[in-house]
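J.: Enclosed is the structure file run_0.txt (compact mmCIF, C-alpha atoms).
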```txt
# COMPACT_ATOMS: atom_id res chain seq x y z
CA MET U 227 0.45 -14.20 -19.30
CA LYS U 228 3.37 -15.02 -17.00
CA LYS U 229 4.76 -17.47 -19.56
CA GLN U 230 4.39 -14.86 -22.30
CA ILE U 231 6.35 -12.33 -20.23
CA LEU U 232 9.12 -14.72 -19.18
CA THR U 233 9.74 -15.94 -22.74
CA LYS U 234 10.89 -12.40 -23.62
CA LYS U 235 14.49 -11.54 -22.88
CA LEU U 236 14.32 -7.79 -22.31
CA THR U 237 17.30 -5.45 -22.17
CA ASP U 238 17.61 -2.25 -20.14
CA GLY U 239 14.79 0.18 -21.00
CA GLN U 240 12.97 -2.29 -23.25
CA MET U 241 9.25 -3.00 -22.81
CA ILE U 242 6.49 -5.26 -24.12
CA LYS U 243 2.74 -4.68 -24.45
CA ILE U 244 0.09 -7.32 -23.78
CA PRO U 245 -3.57 -6.58 -24.66
CA LYS U 246 -6.10 -7.15 -21.86
CA ALA U 247 -9.89 -6.97 -21.57
CA GLU U 248 -11.92 -3.75 -21.71
CA LYS U 249 -9.48 -1.89 -23.96
CA THR U 250 -6.65 -2.01 -21.44
CA ARG U 251 -3.02 -2.95 -21.97
CA LEU U 252 -0.40 -4.40 -19.69
CA ILE U 253 2.96 -2.74 -20.29
CA PHE U 254 5.99 -4.51 -18.87
CA ALA U 255 9.27 -2.61 -18.66
CA TYR U 256 12.74 -3.88 -17.72
CA SER U 257 15.41 -1.87 -15.91
CA ASN U 258 18.92 -2.91 -14.92
CA ASN U 259 18.73 -0.68 -11.85
CA ARG U 260 15.43 -2.24 -10.79
CA ALA U 261 16.87 -5.73 -11.34
CA ALA U 262 19.78 -4.95 -9.02
CA LYS U 263 17.41 -3.51 -6.43
CA ASP U 264 15.01 -6.46 -6.66
CA GLU U 265 17.85 -8.94 -6.26
CA HIS U 266 19.26 -7.03 -3.29
CA ASN U 267 15.85 -6.88 -1.56
CA ARG U 268 15.19 -10.60 -2.10
CA GLU U 269 18.57 -11.58 -0.71
CA ARG U 270 18.09 -9.31 2.29
CA GLY U 271 14.66 -10.87 2.88
CA LEU U 272 16.18 -14.35 2.62
CA GLN U 273 18.84 -13.48 5.19
CA ARG U 274 16.15 -12.34 7.63
CA LEU U 275 14.24 -15.60 7.13
CA GLU U 276 17.39 -17.68 7.66
CA LYS U 277 18.10 -15.79 10.86
CA ARG U 278 14.55 -16.38 12.15
CA ILE U 279 14.72 -20.09 11.29
CA LYS U 280 17.96 -20.47 13.25
CA SER U 281 16.32 -18.78 16.22
CA GLY U 282 13.41 -21.24 16.03
CA LYS U 283 10.82 -18.44 16.09
CA LEU U 284 8.96 -19.45 12.93
CA THR U 285 5.73 -21.46 13.27
CA LYS U 286 2.89 -22.70 11.04
CA SER U 287 1.27 -19.27 11.30
CA ASN U 288 4.18 -17.83 9.31
CA ILE U 289 3.34 -19.95 6.25
CA ASN U 290 1.62 -17.31 4.11
CA ASN U 291 2.24 -15.03 1.14
CA LYS U 292 3.05 -11.92 3.15
CA GLY U 293 6.35 -10.44 1.98
CA TYR U 294 9.19 -12.91 1.91
CA ASN U 295 7.24 -15.49 3.91
CA LYS U 296 6.21 -16.89 0.52
CA TYR U 297 9.59 -18.64 0.45
CA LEU U 298 8.72 -20.71 3.52
CA LYS U 299 7.34 -24.22 3.43
CA MET U 300 6.38 -26.75 6.07
CA GLN U 301 8.42 -29.95 6.28
CA GLY U 302 6.50 -32.73 7.99
CA ASP U 303 4.22 -31.51 10.76
CA VAL U 304 6.32 -29.05 12.68
CA THR U 305 9.52 -28.24 10.79
CA ILE U 306 9.63 -24.93 8.92
CA GLU U 307 12.26 -24.47 6.23
CA ILE U 308 13.01 -22.18 3.28
CA ASP U 309 11.92 -23.18 -0.22
CA TYR U 310 15.15 -22.19 -1.99
CA GLU U 311 13.89 -23.44 -5.36
CA LYS U 312 11.03 -20.95 -5.20
CA PHE U 313 13.46 -18.24 -4.12
CA TRP U 314 15.80 -18.77 -7.09
CA LYS U 315 12.93 -19.04 -9.58
CA ASP U 316 11.82 -15.54 -8.58
CA ASN U 317 15.01 -14.02 -9.97
CA ALA U 318 13.37 -14.32 -13.42
CA TRP U 319 11.19 -11.35 -12.37
CA ASP U 320 14.03 -9.11 -11.23
CA GLY U 321 13.98 -5.81 -13.10
CA LEU U 322 10.43 -6.19 -14.43
CA LYS U 323 7.57 -3.85 -13.57
CA GLY U 324 4.05 -3.91 -15.01
CA TYR U 325 1.71 -1.00 -15.77
CA VAL U 326 -1.97 -1.48 -16.63
CA THR U 327 -3.47 1.40 -18.63
CA ASN U 328 -6.52 2.21 -20.75
CA THR U 329 -4.93 5.38 -22.20
CA GLY U 330 -3.75 5.94 -25.75
CA LEU U 331 -0.30 6.96 -24.55
CA SER U 332 2.76 5.13 -25.79
CA GLY U 333 4.39 2.64 -23.45
CA LYS U 334 7.29 5.04 -22.89
CA LEU U 335 4.99 7.89 -21.86
CA VAL U 336 2.98 5.62 -19.54
CA VAL U 337 6.17 4.63 -17.71
CA GLU U 338 7.48 8.22 -17.60
CA ASN U 339 4.19 9.56 -16.20
CA TYR U 340 4.09 6.81 -13.59
CA LYS U 341 7.62 7.69 -12.46
CA ASN U 342 6.46 11.28 -11.83
CA LEU U 343 4.04 9.98 -9.17
CA TRP U 344 6.91 9.78 -6.67
CA HIS U 345 6.73 13.58 -6.36
CA ILE U 346 3.12 13.30 -5.18
CA GLU U 347 3.88 10.35 -2.92
CA LYS U 348 6.81 12.24 -1.43
CA ALA U 349 4.50 15.16 -0.65
CA PHE U 350 2.18 12.92 1.37
CA ARG U 351 5.11 11.31 3.17
CA MET U 352 6.63 14.68 4.08
CA SER U 353 7.09 15.13 7.81
CA LYS U 354 4.59 17.57 9.31
CA THR U 355 7.49 19.17 11.15
CA ASP U 356 8.93 20.39 7.84
CA LEU U 357 5.92 22.65 7.35
CA ARG U 358 4.93 22.90 11.02
CA ILE U 359 1.37 21.81 10.19
CA ARG U 360 -0.31 20.43 13.27
CA PRO U 361 -2.96 17.71 12.92
CA ILE U 362 -6.09 19.77 13.53
CA TYR U 363 -9.47 18.06 13.69
CA HIS U 364 -12.24 20.09 12.02
CA ARG U 365 -15.95 19.50 11.90
CA LEU U 366 -17.22 22.25 9.57
CA ARG U 367 -16.61 21.96 5.82
CA HIS U 368 -15.27 25.50 5.32
CA ARG U 369 -12.72 24.95 8.10
CA ILE U 370 -11.59 21.66 6.58
CA GLU U 371 -11.18 23.33 3.18
CA ALA U 372 -9.31 26.26 4.71
CA HIS U 373 -6.90 23.94 6.51
CA ILE U 374 -6.19 21.98 3.31
CA CYS U 375 -5.78 25.24 1.35
CA ILE U 376 -3.27 26.66 3.85
CA SER U 377 -1.36 23.36 3.89
CA PHE U 378 -1.26 23.18 0.09
CA THR U 379 -0.13 26.82 -0.19
CA ALA U 380 2.66 26.20 2.32
CA TYR U 381 3.74 23.10 0.43
CA SER U 382 3.71 24.99 -2.90
CA ILE U 383 6.00 27.67 -1.45
CA TYR U 384 8.19 24.95 0.05
CA LYS U 385 8.59 23.20 -3.32
CA GLU U 386 9.19 26.45 -5.21
CA LEU U 387 11.97 27.38 -2.80
CA GLU U 388 13.45 23.90 -3.29
CA ARG U 389 13.36 24.43 -7.07
CA GLN U 390 15.00 27.86 -6.84
CA LEU U 391 17.76 26.64 -4.53
CA HIS U 392 18.49 23.84 -7.00
CA ALA U 393 18.40 26.23 -9.98
CA GLU U 394 20.86 28.57 -8.27
CA LYS U 395 23.10 25.59 -7.37
CA SER U 396 22.94 26.60 -3.73
CA THR U 397 24.32 24.30 -1.03
CA ILE U 398 21.62 25.48 1.40
CA SER U 399 19.09 22.75 2.17
CA LEU U 400 15.39 23.43 2.73
CA ARG U 401 15.71 22.67 6.43
CA LYS U 402 18.71 24.99 6.72
CA ALA U 403 16.83 27.72 4.82
CA ALA U 404 14.01 27.53 7.38
CA GLU U 405 16.53 27.81 10.22
CA LEU U 406 18.25 30.81 8.62
CA THR U 407 15.02 32.80 8.38
CA HIS U 408 14.51 32.53 12.16
CA ASN U 409 17.35 35.01 12.71
CA ILE U 410 16.79 37.44 9.85
CA TYR U 411 15.51 40.69 11.33
CA GLN U 412 14.06 43.78 9.70
CA ILE U 413 13.44 47.12 11.37
CA THR U 414 10.97 49.78 10.28
CA TYR U 415 11.69 53.41 11.16
CA THR U 416 10.37 56.91 10.42
CA LEU U 417 12.73 59.74 9.50
CA PRO U 418 12.16 62.69 11.87
CA ASP U 419 12.35 65.43 9.24
CA SER U 420 10.66 63.96 6.15
CA LYS U 421 8.40 61.66 8.14
CA GLN U 422 9.16 58.97 5.58
CA THR U 423 8.84 55.39 6.78
CA LYS U 424 11.54 53.00 5.67
CA SER U 425 12.52 49.40 6.31
CA LYS U 426 15.98 47.91 6.58
CA PHE U 427 17.38 44.43 7.19
CA LEU U 428 19.90 44.08 9.97
CA LYS U 429 23.30 42.63 9.09
CA MET U 430 23.08 39.02 7.84
CA ASP U 431 25.73 36.31 7.71
CA ASP U 432 26.91 34.89 4.35
CA GLN U 433 24.29 32.12 4.16
CA GLN U 434 21.46 34.44 5.14
CA ALA U 435 22.59 36.96 2.53
CA GLU U 436 22.75 34.21 -0.12
CA LEU U 437 19.25 33.00 0.76
CA TYR U 438 17.88 36.55 0.72
CA GLN U 439 19.39 37.21 -2.72
CA ILE U 440 17.81 34.02 -4.13
CA ILE U 441 14.39 34.89 -2.68
CA GLU U 442 14.55 38.52 -3.82
CA LYS U 443 15.61 37.47 -7.33
CA ASN U 444 13.03 34.76 -7.92
CA PHE U 445 9.94 35.51 -5.82
```
Take the structure in the file and write it out as structure tokens.

T.:
Amino acid sequence: MKKQILTKKLTDGQMIKIPKAEKTRLIFAYSNNRAAKDEHNRERGLQRLEKRIKSGKLTKSNINNKGYNKYLKMQGDVTIEIDYEKFWKDNAWDGLKGYVTNTGLSGKLVVENYKNLWHIEKAFRMSKTDLRIRPIYHRLRHRIEAHICISFTAYSIYKELERQLHAEKSTISLRKAAELTHNIYQITYTLPDSKQTKSKFLKMDDQQAELYQIIEKNF
């Protein structure tokens, strides 16, 4: 399969499909941007290895396939050196990424849907401080579900505000928006004669006013 892939000379955005067992396909796509990134990462990994070799900190225990350690080899009994031939052969894989699927989607749609996963991954990587969600340890099922529900609701609001700020071409970041709301005050008062109760925002600065207009318009 590797030989079959490497015999193809793909251009930017091009892909090939290789049938696999159990009605699955392996879709390989090539990207110029990915190729540049792969090359950069390999060279950076090589530089780290060269630095560690010069320091004499590498031992037999480092001969494994973890990360860029795969470019190491043992010379004689005790000398560790870099296998540069293996390093340069790997540049044939720069820019290639494989996707295994059993769907009926086209190769293009498989790749596009996979790229959308970064939104989900970003959500899980989001700092808890952004939403001020403390790690709370629950024992009862309904409390666990409630905690997840509150967290998901907060995240949904967070993402919707991000979308609206982008749509309005606002320069206010999400973090700045959260800070601005800390000093927006509203007073509620009752008129003495009519006994009507009204609410009014106190004077806001330009950024607070901009944020309030976006929220009032879209939420």

J.: Suppose you want the space between atom CA of Arg260 of chain U and atom CA of Asp320 of chain U; what is it in Å?

T.: 7.0 Å

J.: Got a sec: who's within 12 Å of Glu436 of chain U, counting only C-alpha atoms, leaving out chain neighbours fewer than 2 positions off, as an NGL selection string?

T.: :U and (391 or 394-398 or 403 or 406-407 or 430-434 or 438-443)

J.: Excluding same-chain residues fewer than 4 positions from segment 248-251 of chain U, what lies within 6 Å of it counting only C-alpha atoms, as an NGL selection string?

T.: :U and (244 or 326-328)

J.: If you measure from atom CA of Lys424 of chain U to atom CA of Asn444 of chain U, what distance in Å do you get, rounded to one decimal?

T.: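 We find that atom CA of Lys424 of chain U and atom CA of Asn444 of chain U lie 22.8 Å from each other.
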
J.: Tell me, in Å to one decimal, how far atom CA of Ile253 of chain U is from atom CA of Lys334 of chain U.

T.: 9.3 Å

J.: Counting only C-alpha atoms, find the residues whose atoms lie at most 10 Å from (17.0, -2.3, -14.2) (file coordinates) and write them out as a list in words.

T.: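 Output: Thr237, Asp238, Gly239, Gln240, Ala255, Tyr256, Ser257, Asn258, Asn259, Arg260, Ala261, Ala262, Lys263, Asp264, Asp320, Gly321, Leu322 and Lys323 of chain U.
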
J.: For each of U:Phe378, U:Tyr325, U:Tyr415, U:Phe445, take the minimum atom-to-atom distance to Gln390 of chain U, counting all atoms listed in the file, then give the residue where this is smallest.

T.: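 Among the listed residues, U:Phe445 lies closest to Gln390 of chain U.
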
J.: Counting all atoms listed in the file, which of U:His408, U:Phe254, U:Phe313, U:Ile383 gets nearest to Arg270 of chain U?

T.: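 Closest to Arg270 of chain U, using all atoms listed in the file: U:Phe313.
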
J.: Which residues are close to Trp314 of chain U, i.e. within 12 Å by only C-alpha atoms, leaving aside same-chain residues fewer than 4 positions away? Reply as a short mmCIF file (atom, residue, chain, number, x, y, z; two decimals) with C-alpha atoms, keeping the file's coordinate frame.

T.:
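Result went into out-v4.cif, see below:
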```cif
data_model
loop_
_atom_site.label_atom_id
_atom_site.label_comp_id
_atom_site.auth_asym_id
_atom_site.auth_seq_id
_atom_site.Cartn_x
_atom_site.Cartn_y
_atom_site.Cartn_z
CA GLU U 265 17.85 -8.94 -6.26
CA ARG U 268 15.19 -10.60 -2.10
CA GLU U 269 18.57 -11.58 -0.71
CA LEU U 272 16.18 -14.35 2.62
CA TYR U 297 9.59 -18.64 0.45
CA ILE U 308 13.01 -22.18 3.28
CA ASP U 309 11.92 -23.18 -0.22
CA TYR U 310 15.15 -22.19 -1.99
CA ALA U 318 13.37 -14.32 -13.42
CA TRP U 319 11.19 -11.35 -12.37
CA ASP U 320 14.03 -9.11 -11.23
#
```

J.: Check the smallest atom-to-atom distance from each of U:Ile279, U:Arg365, U:Leu400, U:Lys429 to Ile413 of chain U using only C-alpha atoms, then report the winner.

T.: U:Lys429

J.: Which of these residues is nearest to Arg401 of chain U, using all atoms listed in the file: U:Arg389, U:Ser420, U:Tyr384, U:Met241?

T.: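 Under the stated criterion, the closest residue is U:Tyr384.
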